[in-house]
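Taking it in order: structure first as structure tokens, then the write-up.
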Amino acid sequence: MSRVGDPKLVIAERAARELREGEVVNLGIGIPNLIPGFLAADAEVLIHTENGLLGVGPRPGEGELDPDLIDAAKQPVTALPGAAYFDSAESFAMIRGGHVDVAVLGALQVSARGDVANWAVPGRDVLGVGGAMDLVVGARRVIVTMTAVSSSGEPKVVPECTLPLTARAAADTIVTELCVFRVEEGGLVLAELLGGTTLDVVAAATAAPYSVELEP
């Protein structure tokens with residue numbers, strides 16, 4: 001899958017490289033759902049969807065569509081050999097019990113200490129929180145994937161969230177089309193620049209304070 005010129009694909013490709021062999025990973029709606037297209041065919045990453053499937057495979061090709069197999073975004077998927085099926089209650093028991101290694105989800109804002117706001121814009125008709133509150137506190141690691149600024153040009157990485165919080169201090173990593181931030185005890189750390197981005201471009205698109213420790 002080519003990622004040239006599409007910020008969402010840049011984000012998904014980089015987020016895919018955060019996933020480790022053997023991890024159980026829940027992918028949220030939107031950019032996270034693009035990640036399977038960047039995983040190697042033999043990647044030992046188990047994709048979990050909260051509507052009842054562990055072992056999500058790639059999007060179905062021609063003649064492979066099964067109307068009973070969809071993910072949480074109601075998009076058609078396939079099931080890998082050995083996949084497990086379960087009901088929503090069991091799915092959330094897995095999440096709340098700490099059996100999901102990584103949650104990858106989008107956000108409207110992330111604060112300097114990793115607070116996540118991803119579910120509502122006051123005064124607008126936006127869907128509710130869904131399973132995000134459970135995922136960000138139940139998963140062992142949380143990766144936020146989002147564009148650096150909103151459609152109106154406002155930074156999404158902010159000193160304090162002004163939108164309703166999904167959870168406090170939940171994010172471990174933030175991946176935008178410009179860079180990768182790590183959320184450390186002392187605050188945000190700019191760890192990687194993406195796609196030829198410069199430090200000045202990141203600074204102009206980021207409202208929160210951060211230090212720079214670029215990873216090799």
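Chain identifiers are assigned as A, B, and so on, following the order in which chains appear in the structure tokens; residues are numbered from 1 within each chain, and ligands are numbered from 1 in order of appearance.
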
_Which residues are close to region 38-47 of chain A, i.e. within 8 Å by only C-alpha atoms, leaving aside same-chain residues fewer than 5 positions away? Reply as a VMD selection string._
chain A and resid 1 12 to 13 16 19 to 27 54 to 57

Wanna dump the region 33-76 of chain A-region 93-113 of chain A contacts at 12 Å for me, each residue with its shortest atom pair and the distance in Å to one decimal, counting only C-alpha atoms, ordered by chain and number, as a tab-separated table?
```
residue	atom	partner	partner_atom	distance
A:Asn33	CA	A:Leu105	CA	9.0
A:Leu34	CA	A:Val104	CA	11.0
A:Ile35	CA	A:Val104	CA	9.4
A:Pro36	CA	A:Val104	CA	11.9
A:Val45	CA	A:Asp101	CA	10.4
A:Leu46	CA	A:Val100	CA	9.7
A:Ile47	CA	A:Val100	CA	9.6
A:His48	CA	A:Val100	CA	7.9
A:Thr49	CA	A:Ile95	CA	10.3
A:Glu50	CA	A:Ile95	CA	8.4
A:Asn51	CA	A:Ile95	CA	11.8
A:Gly52	CA	A:Met94	CA	10.6
A:Leu53	CA	A:Met94	CA	11.5
A:Leu54	CA	A:Val100	CA	10.3
```

Filtering to all heavy atoms, could you give me those residues as a compact mmCIF listing (two decimals), in the first residue's frame?
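Full text of selection_14.txt as output:
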```
# COMPACT_ATOMS: atom_id res chain seq x y z
N ASN A 33 -7.53 1.43 11.58
CA ASN A 33 -8.01 0.35 10.72
C ASN A 33 -7.19 0.19 9.45
O ASN A 33 -7.33 -0.81 8.73
CB ASN A 33 -9.47 0.58 10.35
CG ASN A 33 -10.45 0.01 11.36
OD1 ASN A 33 -11.60 0.40 11.41
ND2 ASN A 33 -10.00 -0.94 12.17
N LEU A 34 -6.32 1.16 9.15
CA LEU A 34 -5.45 1.06 7.98
C LEU A 34 -4.18 0.27 8.28
O LEU A 34 -3.46 -0.12 7.36
CB LEU A 34 -5.07 2.46 7.48
CG LEU A 34 -6.21 3.38 7.07
CD1 LEU A 34 -5.68 4.79 6.80
CD2 LEU A 34 -6.92 2.83 5.84
N ILE A 35 -3.88 0.04 9.53
CA ILE A 35 -2.62 -0.59 9.93
C ILE A 35 -2.42 -1.99 9.35
O ILE A 35 -1.30 -2.32 8.91
CB ILE A 35 -2.48 -0.59 11.46
CG1 ILE A 35 -2.21 0.84 11.94
CG2 ILE A 35 -1.40 -1.54 11.95
CD1 ILE A 35 -2.18 1.01 13.45
N PRO A 36 -3.45 -2.86 9.31
CA PRO A 36 -3.20 -4.21 8.76
C PRO A 36 -2.61 -4.20 7.35
O PRO A 36 -1.88 -5.13 6.98
CB PRO A 36 -4.60 -4.84 8.78
CG PRO A 36 -5.28 -4.17 9.93
CD PRO A 36 -4.80 -2.75 9.87
N VAL A 45 1.15 -10.80 14.80
CA VAL A 45 0.39 -9.81 15.57
C VAL A 45 -1.07 -10.21 15.51
O VAL A 45 -1.63 -10.38 14.43
CB VAL A 45 0.58 -8.39 14.98
CG1 VAL A 45 -0.33 -7.40 15.70
CG2 VAL A 45 2.03 -7.95 15.08
N LEU A 46 -1.68 -10.40 16.66
CA LEU A 46 -3.08 -10.84 16.74
C LEU A 46 -3.99 -9.62 16.89
O LEU A 46 -3.92 -8.92 17.90
CB LEU A 46 -3.29 -11.78 17.91
CG LEU A 46 -2.72 -13.20 17.75
CD1 LEU A 46 -2.85 -13.96 19.07
CD2 LEU A 46 -3.45 -13.95 16.65
N ILE A 47 -4.80 -9.37 15.88
CA ILE A 47 -5.70 -8.22 15.91
C ILE A 47 -7.01 -8.60 16.59
O ILE A 47 -7.66 -9.58 16.22
CB ILE A 47 -5.98 -7.69 14.49
CG1 ILE A 47 -4.67 -7.35 13.78
CG2 ILE A 47 -6.90 -6.48 14.54
CD1 ILE A 47 -3.84 -6.30 14.45
N HIS A 48 -7.38 -7.81 17.59
CA HIS A 48 -8.59 -8.03 18.39
C HIS A 48 -9.61 -6.95 18.04
O HIS A 48 -9.26 -5.78 17.91
CB HIS A 48 -8.21 -7.94 19.88
CG HIS A 48 -9.37 -7.89 20.83
ND1 HIS A 48 -10.06 -6.72 21.11
CD2 HIS A 48 -9.95 -8.85 21.59
CE1 HIS A 48 -11.01 -6.96 22.00
NE2 HIS A 48 -10.96 -8.25 22.31
N THR A 49 -10.85 -7.35 17.86
CA THR A 49 -11.91 -6.37 17.67
C THR A 49 -12.97 -6.60 18.72
O THR A 49 -13.35 -7.76 19.00
CB THR A 49 -12.51 -6.43 16.24
OG1 THR A 49 -13.55 -5.48 16.12
CG2 THR A 49 -13.04 -7.80 15.90
N GLU A 50 -13.42 -5.51 19.36
CA GLU A 50 -14.27 -5.67 20.55
C GLU A 50 -15.64 -6.22 20.25
O GLU A 50 -16.38 -6.58 21.17
CB GLU A 50 -14.38 -4.35 21.33
CG GLU A 50 -14.99 -3.20 20.60
CD GLU A 50 -13.94 -2.25 20.05
OE1 GLU A 50 -12.86 -2.72 19.63
OE2 GLU A 50 -14.20 -1.04 20.06
N ASN A 51 -16.02 -6.32 18.96
CA ASN A 51 -17.31 -6.93 18.68
C ASN A 51 -17.22 -8.45 18.56
O ASN A 51 -18.23 -9.08 18.25
CB ASN A 51 -17.93 -6.32 17.41
CG ASN A 51 -17.08 -6.54 16.18
OD1 ASN A 51 -15.87 -6.35 16.23
ND2 ASN A 51 -17.68 -6.91 15.07
N GLY A 52 -16.04 -9.04 18.83
CA GLY A 52 -16.03 -10.48 19.01
C GLY A 52 -15.13 -11.34 18.17
O GLY A 52 -15.47 -12.48 17.85
N LEU A 53 -13.94 -10.86 17.79
CA LEU A 53 -13.03 -11.67 16.98
C LEU A 53 -11.59 -11.38 17.38
O LEU A 53 -11.17 -10.23 17.47
CB LEU A 53 -13.23 -11.36 15.49
CG LEU A 53 -12.31 -12.05 14.49
CD1 LEU A 53 -12.44 -13.57 14.58
CD2 LEU A 53 -12.61 -11.57 13.07
N LEU A 54 -10.84 -12.44 17.63
CA LEU A 54 -9.40 -12.36 17.86
C LEU A 54 -8.72 -13.16 16.76
O LEU A 54 -8.94 -14.36 16.63
CB LEU A 54 -9.03 -12.94 19.23
CG LEU A 54 -7.54 -12.97 19.57
CD1 LEU A 54 -6.97 -11.55 19.62
CD2 LEU A 54 -7.31 -13.69 20.89
```

*Identify, with DSSP run on backbone atoms, the residues in region 50-184 of chain A assigned to helix (DSSP H, G or I), and express the list as an MDAnalysis selection string.*
chainID A and resid 88:96 132:138

_With DSSP run on the backbone, what are the strand (DSSP E) residues within region 123-204 of chain A? I'd like them as a list in words._
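Strand (DSSP E) assignments inside region 123-204 of chain A correspond to Arg141, Val142, Ile143, Val144, Thr145, Val157, Val158, Thr173, Ile174, Val175, Cys179, Val180, Phe181, Arg182, Val183, Glu184, Gly187, Leu188, Val189, Leu190, Ala191, Glu192 and Leu193 of chain A.
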
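If only C-alpha atoms are the atoms counted, then among A:Glu184, A:Asp172, A:Glu177, A:Glu192 the closest residue to Lys8 (chain A) is A:Glu177.
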
_So that I can see what lies close to Arg168 (chain A), please list as a PyMOL selection string the residues with an atom at most 10 Å from it, counting only C-alpha atoms and leaving out residues fewer than 2 positions away in the same chain._
chain A and resi 110-111+113-117+136-137+161+165-166+170-171

*Could you please determine the separation between CA of Gly30 (chain A) and CA of Ala120 (chain A) in Å, to one decimal place?*
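So the two atoms, CA of Gly30 (chain A) and CA of Ala120 (chain A), lie 15.2 Å apart.
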
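Distance annotation: of A:Leu135, A:Val158, A:Val129, A:Ala148, the residue with the minimal separation from Val10 (chain A) is A:Ala148; atom set is only C-alpha atoms.
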